[in-house]
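Trainee: Handing over model-v9.txt, compact mmCIF, C-alpha atoms and all ligand atoms.
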```txt
# COMPACT_ATOMS: atom_id res chain seq x y z
CA MET Z 1 -32.24 -154.79 -53.11
CA GLN Z 2 -31.07 -154.59 -49.54
CA LYS Z 3 -27.38 -154.54 -48.83
CA ALA Z 4 -25.95 -155.24 -45.42
CA PHE Z 5 -24.72 -151.99 -43.93
CA SER Z 6 -21.60 -153.51 -42.45
CA THR Z 7 -20.42 -155.19 -45.63
CA ILE Z 8 -20.62 -152.39 -48.10
CA LEU Z 9 -17.59 -151.81 -50.27
CA CYS Z 10 -18.81 -148.75 -51.96
CA LEU Z 11 -20.85 -146.18 -52.38
CA CYS Z 12 -21.74 -144.34 -55.41
CA LEU Z 13 -25.30 -144.37 -54.24
CA CYS Z 14 -25.37 -142.41 -51.08
CA VAL Z 15 -25.57 -143.16 -47.45
CA THR Z 16 -22.37 -144.15 -45.85
CA ALA Z 17 -20.31 -145.58 -43.12
CA ALA Z 18 -16.57 -145.49 -43.46
CA VAL Z 19 -16.11 -149.13 -44.16
CA PHE Z 20 -13.83 -151.23 -46.33
CA SER Z 21 -12.15 -149.52 -49.20
CA GLY Z 22 -15.00 -147.51 -50.60
CA CYS Z 23 -15.68 -143.86 -50.17
CA GLY Z 24 -18.90 -143.79 -48.30
CA GLY Z 25 -22.39 -144.44 -49.48
CA ALA Z 26 -24.44 -147.44 -48.54
CA SER Z 27 -27.31 -148.00 -50.86
CA ASN Z 28 -29.50 -149.75 -48.37
CA GLN Z 29 -31.88 -146.85 -48.25
CA GLN Z 30 -32.75 -147.30 -51.86
CA SER Z 31 -35.66 -149.66 -51.56
CA THR Z 32 -37.27 -147.69 -48.75
CA VAL Z 33 -37.68 -144.55 -50.80
CA PRO Z 34 -40.15 -144.49 -53.67
CA ALA Z 35 -38.86 -143.24 -56.99
CA ALA Z 36 -40.30 -139.91 -57.96
CA ALA Z 37 -40.00 -139.69 -61.71
CA GLU Z 38 -41.43 -136.51 -63.13
CA PRO Z 39 -41.82 -137.05 -66.86
CA ALA Z 40 -41.13 -133.94 -68.87
CA SER Z 41 -43.95 -132.56 -70.96
CA ALA Z 42 -43.91 -133.15 -74.71
CA ASP Z 43 -42.98 -129.50 -75.35
CA GLU Z 44 -40.03 -129.65 -73.02
CA ILE Z 45 -38.78 -132.85 -74.61
CA LYS Z 46 -38.77 -131.23 -78.04
CA SER Z 47 -37.10 -128.03 -76.95
CA SER Z 48 -34.40 -129.26 -74.62
CA GLU Z 49 -31.71 -131.89 -74.40
CA ILE Z 50 -29.36 -132.99 -71.70
CA ASP Z 51 -25.61 -132.76 -72.05
CA TYR Z 52 -24.38 -136.34 -72.10
CA THR Z 53 -20.89 -135.26 -71.08
CA ALA Z 54 -22.02 -133.31 -68.00
CA LEU Z 55 -19.77 -133.79 -65.00
CA VAL Z 56 -21.48 -134.46 -61.69
CA ASN Z 57 -19.26 -135.39 -58.76
CA LYS Z 58 -18.59 -134.32 -55.18
CA THR Z 59 -17.62 -130.81 -56.32
CA HIS Z 60 -19.71 -130.42 -59.49
CA LYS Z 61 -23.44 -130.04 -58.94
CA LEU Z 62 -26.21 -131.29 -61.20
CA SER Z 63 -27.53 -128.37 -63.25
CA ASP Z 64 -30.81 -126.92 -62.01
CA ASP Z 65 -32.73 -127.66 -65.21
CA TRP Z 66 -31.44 -131.21 -65.61
CA GLU Z 67 -34.37 -133.05 -64.14
CA LYS Z 68 -36.80 -131.03 -66.24
CA LYS Z 69 -34.98 -132.06 -69.41
CA LEU Z 70 -34.38 -135.66 -68.47
CA GLN Z 71 -36.32 -138.42 -70.24
CA THR Z 72 -36.31 -141.74 -68.46
CA VAL Z 73 -37.70 -145.24 -68.75
CA HIS Z 74 -38.48 -147.72 -66.02
CA MET Z 75 -37.48 -151.38 -66.11
CA THR Z 76 -37.85 -154.25 -63.69
CA ASN Z 77 -34.70 -156.24 -62.99
CA SER Z 78 -34.37 -159.98 -62.30
CA ILE Z 79 -34.89 -159.37 -58.58
CA GLY Z 80 -38.11 -157.50 -59.22
CA ASP Z 81 -36.84 -154.01 -58.38
CA ASP Z 82 -37.94 -151.02 -60.41
CA VAL Z 83 -35.00 -149.20 -61.97
CA GLU Z 84 -35.25 -145.81 -63.66
CA VAL Z 85 -32.74 -145.00 -66.40
CA GLU Z 86 -32.21 -142.19 -68.88
CA LYS Z 87 -33.78 -143.29 -72.16
CA LYS Z 88 -30.78 -143.36 -74.52
CA SER Z 89 -28.59 -144.87 -71.84
CA TYR Z 90 -31.07 -147.71 -71.46
CA ASP Z 91 -31.16 -148.39 -75.21
CA ALA Z 92 -27.35 -148.51 -75.24
CA TYR Z 93 -27.32 -150.74 -72.16
CA LEU Z 94 -29.63 -153.26 -73.85
CA LYS Z 95 -27.24 -153.46 -76.81
CA LEU Z 96 -24.28 -153.92 -74.48
CA LYS Z 97 -26.14 -156.62 -72.57
CA ALA Z 98 -27.04 -158.49 -75.77
CA ASP Z 99 -23.43 -158.33 -76.95
CA LEU Z 100 -22.16 -159.65 -73.61
CA GLU Z 101 -24.61 -162.53 -73.72
CA LYS Z 102 -22.93 -163.72 -76.92
CA ASP Z 103 -19.88 -164.30 -74.71
CA SER Z 104 -22.00 -165.94 -71.99
CA VAL Z 105 -21.65 -162.92 -69.70
CA PHE Z 106 -24.93 -162.03 -68.02
CA VAL Z 107 -25.66 -158.74 -66.28
CA ASP Z 108 -28.65 -156.82 -65.00
CA LEU Z 109 -29.30 -153.32 -63.66
CA ASP Z 110 -29.05 -152.86 -59.93
CA SER Z 111 -29.83 -149.16 -59.87
CA ALA Z 112 -29.49 -146.10 -62.02
CA ARG Z 113 -31.31 -142.84 -61.44
CA ARG Z 114 -32.04 -141.37 -58.08
CA SER Z 115 -33.69 -137.95 -58.04
CA VAL Z 116 -32.36 -135.00 -56.05
CA ALA Z 117 -35.66 -134.99 -54.14
CA ASP Z 118 -35.16 -138.62 -53.08
CA GLN Z 119 -31.66 -137.81 -51.90
CA GLN Z 120 -32.98 -134.79 -49.99
CA ARG Z 121 -35.61 -136.98 -48.33
CA ILE Z 122 -32.89 -139.35 -47.13
CA MET Z 123 -30.90 -136.40 -45.83
CA ASP Z 124 -33.97 -135.09 -43.98
CA GLU Z 125 -34.76 -138.52 -42.51
CA PHE Z 126 -31.22 -138.93 -41.26
CA THR Z 127 -31.15 -135.39 -39.87
CA GLU Z 128 -34.34 -136.04 -37.96
CA GLN Z 129 -33.20 -139.42 -36.71
CA TYR Z 130 -29.51 -138.88 -35.97
CA GLY Z 131 -28.93 -135.13 -35.98
CA LYS Z 132 -27.50 -132.77 -38.57
CA GLU Z 133 -23.83 -133.46 -37.97
CA TYR Z 134 -24.20 -137.21 -38.49
CA ALA Z 135 -26.44 -136.74 -41.52
CA LEU Z 136 -23.95 -134.42 -43.21
CA LYS Z 137 -21.14 -136.86 -42.54
CA THR Z 138 -22.95 -139.95 -43.81
CA VAL Z 139 -25.39 -138.93 -46.53
CA ALA Z 140 -24.22 -137.78 -49.95
CA THR Z 141 -25.13 -134.16 -50.56
CA PRO Z 142 -28.27 -133.87 -52.72
CA GLY Z 143 -27.31 -132.57 -56.16
CA PHE Z 144 -23.79 -133.99 -56.13
CA SER Z 145 -24.33 -137.62 -57.14
CA GLU Z 146 -23.81 -138.89 -60.68
CA HIS Z 147 -26.82 -141.13 -60.13
CA HIS Z 148 -29.00 -138.01 -60.35
CA THR Z 149 -28.18 -137.79 -64.05
CA GLY Z 150 -29.84 -141.08 -65.01
CA LEU Z 151 -26.68 -141.77 -67.04
CA ALA Z 152 -24.90 -143.72 -64.27
CA LEU Z 153 -25.77 -147.41 -64.15
CA ASP Z 154 -24.82 -149.93 -61.48
CA LEU Z 155 -24.67 -153.46 -62.88
CA TYR Z 156 -24.83 -156.78 -61.12
CA LEU Z 157 -23.77 -160.17 -62.38
CA ILE Z 158 -25.79 -163.29 -63.06
CA ILE Z 159 -23.53 -166.30 -62.65
CA ASP Z 160 -24.83 -169.81 -63.38
CA GLY Z 161 -28.34 -168.39 -63.25
CA LYS Z 162 -27.85 -166.84 -59.82
CA ASP Z 163 -27.98 -163.11 -59.07
CA VAL Z 164 -24.69 -161.86 -57.64
CA THR Z 165 -25.58 -158.47 -56.21
CA GLU Z 166 -23.46 -157.84 -53.14
CA ASN Z 167 -20.40 -155.71 -53.77
CA GLU Z 168 -18.06 -158.02 -51.88
CA ASP Z 169 -19.27 -160.96 -54.00
CA MET Z 170 -19.13 -159.11 -57.30
CA VAL Z 171 -15.47 -158.18 -56.84
CA LYS Z 172 -14.59 -161.89 -56.84
CA TYR Z 173 -15.08 -162.01 -60.63
CA PRO Z 174 -12.39 -159.72 -62.07
CA GLY Z 175 -12.21 -161.76 -65.29
CA ILE Z 176 -15.89 -161.21 -65.99
CA TRP Z 177 -15.61 -157.50 -65.25
CA ASP Z 178 -12.68 -157.31 -67.67
CA LYS Z 179 -14.89 -158.74 -70.41
CA ILE Z 180 -17.65 -156.23 -69.57
CA HIS Z 181 -15.28 -153.27 -69.41
CA ALA Z 182 -13.74 -154.18 -72.78
CA LYS Z 183 -17.09 -153.68 -74.49
CA LEU Z 184 -18.29 -150.53 -72.70
CA ALA Z 185 -16.86 -148.00 -75.14
CA ASP Z 186 -18.51 -149.67 -78.16
CA TYR Z 187 -21.86 -148.60 -76.74
CA GLY Z 188 -20.87 -145.15 -75.45
CA PHE Z 189 -20.13 -146.12 -71.84
CA ILE Z 190 -17.07 -145.59 -69.65
CA LEU Z 191 -15.98 -147.18 -66.39
CA ARG Z 192 -16.30 -144.26 -64.02
CA TYR Z 193 -14.42 -145.01 -60.78
CA LEU Z 194 -10.97 -146.36 -61.58
CA ASP Z 195 -8.77 -148.18 -59.10
CA GLY Z 196 -6.12 -145.86 -57.68
CA ARG Z 197 -7.78 -142.62 -58.85
CA GLU Z 198 -9.89 -142.05 -55.76
CA TYR Z 199 -8.14 -138.72 -55.21
CA ILE Z 200 -9.66 -137.53 -58.50
CA THR Z 201 -13.10 -139.17 -58.57
CA GLY Z 202 -13.81 -139.22 -54.83
CA TYR Z 203 -14.92 -142.87 -54.98
CA GLY Z 204 -13.27 -146.22 -54.47
CA TYR Z 205 -12.99 -148.67 -57.36
CA GLU Z 206 -16.43 -149.74 -58.56
CA PRO Z 207 -16.31 -152.22 -61.44
CA TRP Z 208 -20.11 -152.09 -61.65
CA HIS Z 209 -20.64 -148.33 -61.98
CA ILE Z 210 -20.69 -147.34 -65.64
CA ARG Z 211 -21.50 -143.97 -67.17
CA TYR Z 212 -23.16 -143.31 -70.51
CA ILE Z 213 -21.62 -140.45 -72.53
CA ASP Z 214 -23.45 -141.03 -75.84
CA ASP Z 215 -20.29 -141.15 -77.95
CA PRO Z 216 -18.41 -144.40 -78.61
CA LYS Z 217 -15.41 -142.53 -80.04
CA LYS Z 218 -14.94 -140.37 -76.94
CA ALA Z 219 -15.61 -143.36 -74.73
CA ARG Z 220 -12.91 -145.34 -76.56
CA GLU Z 221 -10.44 -142.47 -76.18
CA ILE Z 222 -11.08 -142.21 -72.42
CA THR Z 223 -10.80 -145.98 -72.03
CA ASP Z 224 -7.63 -146.33 -74.10
CA LYS Z 225 -5.91 -143.46 -72.30
CA ASN Z 226 -6.94 -145.01 -68.96
CA ILE Z 227 -7.98 -141.63 -67.60
CA THR Z 228 -10.86 -140.51 -65.45
CA PHE Z 229 -13.77 -138.52 -66.81
CA GLU Z 230 -12.56 -135.58 -64.71
CA GLU Z 231 -9.19 -135.64 -66.46
CA TYR Z 232 -10.78 -135.98 -69.89
CA LEU Z 233 -12.93 -132.91 -69.24
CA GLY Z 234 -10.01 -130.92 -67.82
CA ALA Z 235 -11.59 -130.77 -64.37
CA TYR Z 236 -8.47 -132.31 -62.83
CA LYS Z 237 -5.18 -130.87 -63.99
CA GLY Z 238 -2.68 -132.59 -61.71
CA GLY Z 239 -0.55 -135.53 -62.73
CA LYS Z 240 -0.73 -139.06 -61.45
CA ALA Z 241 -0.02 -139.03 -57.73
CA VAL Z 242 2.47 -141.28 -55.97
CA ILE Z 243 0.86 -143.42 -53.27
CA ASP Z 244 3.38 -145.05 -50.93
CA TYR Z 245 2.23 -147.55 -48.33
CA GLY Z 246 5.75 -147.89 -46.94
CA THR Z 247 6.49 -150.90 -44.78
CA SER Z 248 4.53 -151.86 -41.72
CA THR Z 249 4.49 -154.68 -39.24
CA LEU Z 250 1.17 -153.42 -37.85
CA TYR Z 251 -0.85 -153.41 -41.05
CA SER Z 252 -1.04 -155.33 -44.31
CA GLU Z 253 -0.69 -153.41 -47.55
CA GLU Z 254 -4.36 -154.13 -48.23
CA ASP Z 255 -5.29 -152.56 -44.91
CA LEU Z 256 -3.17 -149.48 -45.60
CA LYS Z 257 -4.63 -149.22 -49.08
CA ALA Z 258 -8.13 -149.18 -47.58
CA ALA Z 259 -7.05 -146.32 -45.31
CA ALA Z 260 -5.40 -144.44 -48.19
CA VAL Z 261 -8.59 -144.77 -50.25
CA GLN Z 262 -10.54 -143.05 -47.48
CA VAL Z 263 -8.06 -140.19 -47.46
CA ALA Z 264 -8.03 -139.93 -51.25
CA CYS Z 265 -11.82 -139.84 -51.45
CA ARG Z 266 -12.04 -137.04 -48.92
CA PHE Z 267 -9.24 -135.18 -50.67
CA ALA Z 268 -11.27 -135.24 -53.91
CA SER Z 269 -13.91 -133.12 -52.19
CA PHE Z 270 -11.31 -130.37 -51.64
CA GLY Z 271 -12.23 -129.23 -55.12
CA GLY Z 272 -9.63 -129.26 -57.86
CA CYS Z 273 -6.62 -129.51 -55.54
CA GLU Z 274 -3.85 -131.52 -57.13
CA LEU Z 275 -2.44 -134.48 -55.24
CA ARG Z 276 1.30 -135.08 -55.58
CA SER Z 277 1.90 -137.82 -53.06
CA LEU Z 278 0.36 -139.67 -50.18
CA LYS Z 279 2.43 -141.85 -47.89
CA TYR Z 280 1.98 -143.91 -44.75
CA ALA Z 281 3.78 -142.10 -41.92
CA GLY Z 282 5.12 -145.36 -40.49
CA ASP Z 283 4.43 -147.57 -37.52
CA GLU Z 284 6.46 -145.29 -35.24
CA ALA Z 285 3.85 -142.52 -35.66
CA VAL Z 286 1.27 -144.71 -33.94
CA SER Z 287 1.57 -144.65 -30.15
CA THR Z 288 -0.64 -145.80 -27.28
CA GLU Z 289 -0.93 -142.16 -26.18
CA LYS Z 290 -2.13 -141.09 -29.62
CA LEU Z 291 -4.77 -143.83 -29.67
CA SER Z 292 -5.89 -142.81 -26.16
CA GLN Z 293 -6.13 -139.20 -27.30
CA ILE Z 294 -8.24 -140.18 -30.32
CA ASN Z 295 -10.55 -142.19 -28.08
CA ARG Z 296 -10.83 -139.31 -25.60
CA GLU Z 297 -11.81 -136.96 -28.41
CA ASN Z 298 -14.32 -139.44 -29.90
CA PRO Z 299 -16.15 -140.89 -26.91
CA GLY Z 300 -18.05 -144.13 -27.42
CA ARG Z 301 -16.19 -145.33 -30.51
CA ASN Z 302 -13.48 -147.45 -28.82
CA TYR Z 303 -10.96 -147.42 -31.65
CA THR Z 304 -8.32 -150.11 -31.46
CA LYS Z 305 -6.08 -149.08 -34.35
CA ALA Z 306 -4.79 -145.80 -35.71
CA ALA Z 307 -2.66 -144.73 -38.67
CA GLU Z 308 -1.20 -141.51 -39.97
CA PHE Z 309 -0.71 -140.52 -43.60
CA LEU Z 310 1.24 -137.54 -44.94
CA MET Z 311 0.17 -135.74 -48.08
CA ASP Z 312 1.82 -133.33 -50.52
CA PHE Z 313 -0.55 -131.34 -52.70
CA TYR Z 314 -1.10 -128.08 -54.51
CA THR Z 315 -4.21 -125.95 -54.16
CA THR Z 316 -5.88 -124.25 -57.07
CA GLU Z 317 -7.90 -121.05 -57.23
CA ASN Z 318 -10.80 -122.07 -55.03
CA PRO Z 319 -9.92 -124.92 -52.73
CA GLY Z 320 -13.21 -126.38 -51.52
CA ASP Z 321 -11.94 -126.58 -47.96
CA THR Z 322 -11.90 -123.03 -46.63
CA THR Z 323 -9.02 -123.65 -44.25
CA LEU Z 324 -6.71 -123.97 -47.25
CA GLU Z 325 -5.01 -121.09 -49.04
CA ALA Z 326 -5.25 -120.81 -52.83
CA PHE Z 327 -2.24 -121.54 -55.06
CA ARG Z 328 -0.12 -123.00 -52.30
CA ASP Z 329 2.02 -126.09 -51.93
CA TYR Z 330 1.27 -128.12 -48.85
CA THR Z 331 3.80 -130.70 -47.76
CA ASP Z 332 3.54 -133.41 -45.10
CA TYR Z 333 -0.08 -132.42 -44.51
CA PRO Z 334 -1.18 -134.91 -41.85
CA TRP Z 335 -4.21 -137.21 -41.87
CA TRP Z 336 -5.17 -139.42 -38.95
CA LEU Z 337 -7.42 -142.43 -39.28
CA ALA Z 338 -8.68 -144.97 -36.79
CA ARG Z 339 -10.77 -148.11 -36.78
CA THR Z 340 -12.36 -150.54 -34.41
CA ASP Z 341 -11.82 -154.30 -34.71
CA LYS Z 342 -14.98 -154.77 -36.74
CA ASP Z 343 -15.35 -151.55 -38.75
CA GLY Z 344 -13.32 -150.00 -41.53
CA TRP Z 345 -11.06 -146.96 -41.33
CA GLU Z 346 -12.55 -143.60 -40.45
CA ILE Z 347 -10.87 -140.27 -40.93
CA ILE Z 348 -10.35 -138.68 -37.52
CA SER Z 349 -8.60 -135.46 -38.44
CA PHE Z 350 -6.60 -133.75 -41.16
CA GLY Z 351 -4.47 -130.65 -41.39
CA ASN Z 352 -3.48 -130.56 -37.74
ZN ZN Z 401 -23.16 -146.25 -58.93
```
Re-express the file's structure as C-alpha cells.

Mentor:
Amino acid sequence: MQKAFSTILCLCLCVTAAVFSGCGGASNQQSTVPAAAEPASADEIKSSEIDYTALVNKTHKLSDDWEKKLQTVHMTNSIGDDVEVEKKSYDAYLKLKADLEKDSVFVDLDSARRSVADQQRIMDEFTEQYGKEYALKTVATPGFSEHHTGLALDLYLIIDGKDVTENEDMVKYPGIWDKIHAKLADYGFILRYLDGREYITGYGYEPWHIRYIDDPKKAREITDKNITFEEYLGAYKGGKAVIDYGTSTLYSEEDLKAAAVQVACRFASFGGCELRSLKYAGDEAVSTEKLSQINRENPGRNYTKAAEFLMDFYTTENPGDTTLEAFRDYTDYPWWLARTDKDGWEIISFGN
C-alpha cells in the first residue's frame, strides 16, 4: 500500500524523513519494488535452520547465510498486496488472527519480509537520484532491518469492515492494540518496539510491528518483564534511562517527546552505549542567533524552531560512533534539533 510521505509515524520498513515521533523509514517504496524471493533448495531446507531468536537491528546485521536458509510463503492481504512471510511465523500468525477474531478483533498483514537485495536496490535508486549523502541519511542500511528476517510482521486493523492501514489512523485504537498485544506471546510473538525504549531499539513505538521468536514461554517472559528483545538477549546492559522534558512555554510535552524520540533512535545506533539520562536543555538555550546559525549551516531548509537536549551516557567497548572513546562517561552531551512549520524534528548536530 502507499503511505503518504509527510504523514508517516514510523519506520521499521526503511526509507525515511525525520517526521513525527518515529525513527525514520517511510515504507512508501515498498510497492514499487518487486519482491525477490529465492526459495531454498530441498537439500538446503533439510540441512539448515534459521535461529528464531536472532537479533537484527541498527547495529546487528543479518547473518550472511540467513536468506539461503529462510523458507517463506506468500499471501495476499485484503488490499490485494503480496506479502512474503517466514513459514512458521505465518502459521503462528494465522492462529493468532483466528484467536483475535473470537474477540471481534480483525487484523491483516501489511508487510513482512523485505530482502537485502530489495533494500540495496532502494539505496542505489536513492543514491542515483539524490546523491550518496542523502541516501545514507534516509534509507535504512541494507542488512540491518528486522524485516529482512521474515520474522517481523507489520499488522493493520480492519474496523467495521474497513481497512485501517495508515500509521496515524492505527494509533487511534489503543484498546484494540492492547487486546492484540495480550495474545501475542501465546503464539510465540513479541511486541518489538516499545514506547519509551527508543534508545535501545532505535525505533519509535510501533504497536503494529510484531516479531516471531518461535517460543511462547520466552515470549511470555519478555512480555511480562516488559523488556525489549535487546535486553532479553543481553545486547543492552544499561538500566532504564531517565527522560526529562522539563518545562517549556515554547513546546508542548508531546512536541518535546517527538524530539527526544529522534535523539533516542539515533543514540541506539551508537552501538551498545548505555543511556543514563536525556533532558530538554530549556527554552533559554534556544535563541534567535542559534536558529539563524542553524539556517546558515543548512541552506534551503528554513527551520523555524530549534531545541537542545543534553544527554548523559556511558560508552562500552566499541562505540559505533568513532568520535566517542570506549568505556567513558559522557555528561551533558549536546544534541540540537530543528524543524520547519510543517515537518517533524530533524537532528542538526550532536557532540559539539
Ligand atoms: Zn515493521

Trainee: In terms of the shortest atom-to-atom distance over only C-alpha atoms, which of Z:Asp186, Z:Glu221, Z:Glu230, Z:Glu253 is closest to Z:Tyr199?

Mentor: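 Looking only at the distances to Z:Tyr199, the closest residue turns out to be Z:Glu230.
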
Trainee: Distance table requested - stretch 270-290 of chain Z against stretch 50-69 of chain Z, cut-off 12 Å, all atoms listed in the file: one row per qualifying residue with the closest atom pair and its distance in Å to one decimal, ordered by chain and rising residue number, as CSV.

Mentor:
```
residue,atom,partner,partner_atom,distance
Z:Phe270,CA,Z:Thr59,CA,7.9
Z:Gly271,CA,Z:Thr59,CA,5.7
Z:Gly272,CA,Z:Thr59,CA,8.3
Z:Cys273,CA,Z:Thr59,CA,11.1
```

Trainee: Can you tell me, as a PDB file with C-alpha atoms, in the frame of the given file, what residues are no more than 12 Å from Z:Lys257 when counting all atoms listed in the file, ignoring any on the same chain fewer than 2 positions away?

Mentor:
```
ATOM      1  CA  PHE Z  20     -13.830-151.230 -46.330  1.00  0.00           C
ATOM      2  CA  SER Z  21     -12.150-149.520 -49.200  1.00  0.00           C
ATOM      3  CA  GLY Z  22     -15.000-147.510 -50.600  1.00  0.00           C
ATOM      4  CA  ASP Z 195      -8.770-148.180 -59.100  1.00  0.00           C
ATOM      5  CA  GLY Z 196      -6.120-145.860 -57.680  1.00  0.00           C
ATOM      6  CA  GLU Z 198      -9.890-142.050 -55.760  1.00  0.00           C
ATOM      7  CA  GLY Z 204     -13.270-146.220 -54.470  1.00  0.00           C
ATOM      8  CA  TYR Z 205     -12.990-148.670 -57.360  1.00  0.00           C
ATOM      9  CA  ILE Z 243       0.860-143.420 -53.270  1.00  0.00           C
ATOM     10  CA  ASP Z 244       3.380-145.050 -50.930  1.00  0.00           C
ATOM     11  CA  TYR Z 245       2.230-147.550 -48.330  1.00  0.00           C
ATOM     12  CA  GLY Z 246       5.750-147.890 -46.940  1.00  0.00           C
ATOM     13  CA  TYR Z 251      -0.850-153.410 -41.050  1.00  0.00           C
ATOM     14  CA  SER Z 252      -1.040-155.330 -44.310  1.00  0.00           C
ATOM     15  CA  GLU Z 253      -0.690-153.410 -47.550  1.00  0.00           C
ATOM     16  CA  GLU Z 254      -4.360-154.130 -48.230  1.00  0.00           C
ATOM     17  CA  ASP Z 255      -5.290-152.560 -44.910  1.00  0.00           C
ATOM     18  CA  ALA Z 259      -7.050-146.320 -45.310  1.00  0.00           C
ATOM     19  CA  ALA Z 260      -5.400-144.440 -48.190  1.00  0.00           C
ATOM     20  CA  VAL Z 261      -8.590-144.770 -50.250  1.00  0.00           C
ATOM     21  CA  GLN Z 262     -10.540-143.050 -47.480  1.00  0.00           C
ATOM     22  CA  VAL Z 263      -8.060-140.190 -47.460  1.00  0.00           C
ATOM     23  CA  ALA Z 264      -8.030-139.930 -51.250  1.00  0.00           C
ATOM     24  CA  LEU Z 278       0.360-139.670 -50.180  1.00  0.00           C
ATOM     25  CA  LYS Z 279       2.430-141.850 -47.890  1.00  0.00           C
ATOM     26  CA  TYR Z 280       1.980-143.910 -44.750  1.00  0.00           C
ATOM     27  CA  ALA Z 307      -2.660-144.730 -38.670  1.00  0.00           C
ATOM     28  CA  PHE Z 309      -0.710-140.520 -43.600  1.00  0.00           C
ATOM     29  CA  GLY Z 344     -13.320-150.000 -41.530  1.00  0.00           C
ATOM     30  CA  TRP Z 345     -11.060-146.960 -41.330  1.00  0.00           C
TER      31      TRP Z 345
END
```

Trainee: Let me make sure I understand: among Z:Phe327, Z:Tyr173, Z:Phe106, Z:Tyr193, which one has the smallest atom-to-atom distance to Z:Arg211 if we use all atoms listed in the file?

Mentor: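 With all atoms listed in the file as the atom set, the closest residue is Z:Tyr193.
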
Trainee: Go ahead and find all residues with at least one atom no further than 8 Å from (-18.8, -159.0, -75.2) in the file's coordinates, using all atoms listed in the file; report them as a list in words.

Mentor: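 Protein, DNA and RNA residues close to (-18.8, -159.0, -75.2): Leu96, Asp99, Leu100, Glu101, Lys102, Asp103, Val105, Lys179, Ile180, Ala182 and Lys183 of chain Z.
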
Trainee: Can you list, as a short mmCIF file (atom, residue, chain, number, x, y, z; two decimals) with C-alpha atoms, in the frame of the given file, every protein, DNA or RNA residue that comes within 7 Å of Z:Thr72 when you count only C-alpha atoms, leaving out same-chain residues fewer than 5 positions away?

Mentor:
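So the final result, stored in selection.cif, reads:
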```cif
data_model
loop_
_atom_site.label_atom_id
_atom_site.label_comp_id
_atom_site.auth_asym_id
_atom_site.auth_seq_id
_atom_site.Cartn_x
_atom_site.Cartn_y
_atom_site.Cartn_z
CA GLU Z 84 -35.25 -145.81 -63.66
CA VAL Z 85 -32.74 -145.00 -66.40
CA GLU Z 86 -32.21 -142.19 -68.88
CA LYS Z 87 -33.78 -143.29 -72.16
#
```

Trainee: Just checking: using all atoms listed in the file, which residue out of Z:Ile79, Z:Leu94, Z:Ala140, Z:Ile210 ends up closest to ligand ZN 401 (chain Z)?

Mentor: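 Of Z:Ile79, Z:Leu94, Z:Ala140, Z:Ile210, the one nearest ligand ZN 401 (chain Z) is Z:Ile210, counting all atoms listed in the file.
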
Trainee: Out of Z:Leu155, Z:Cys265, Z:Ala338, Z:Ile190, which residue has the shortest atom-to-atom distance to Z:Ala306 when counting only C-alpha atoms?

Mentor: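 Among the listed residues, Z:Ala338 lies closest to Z:Ala306.
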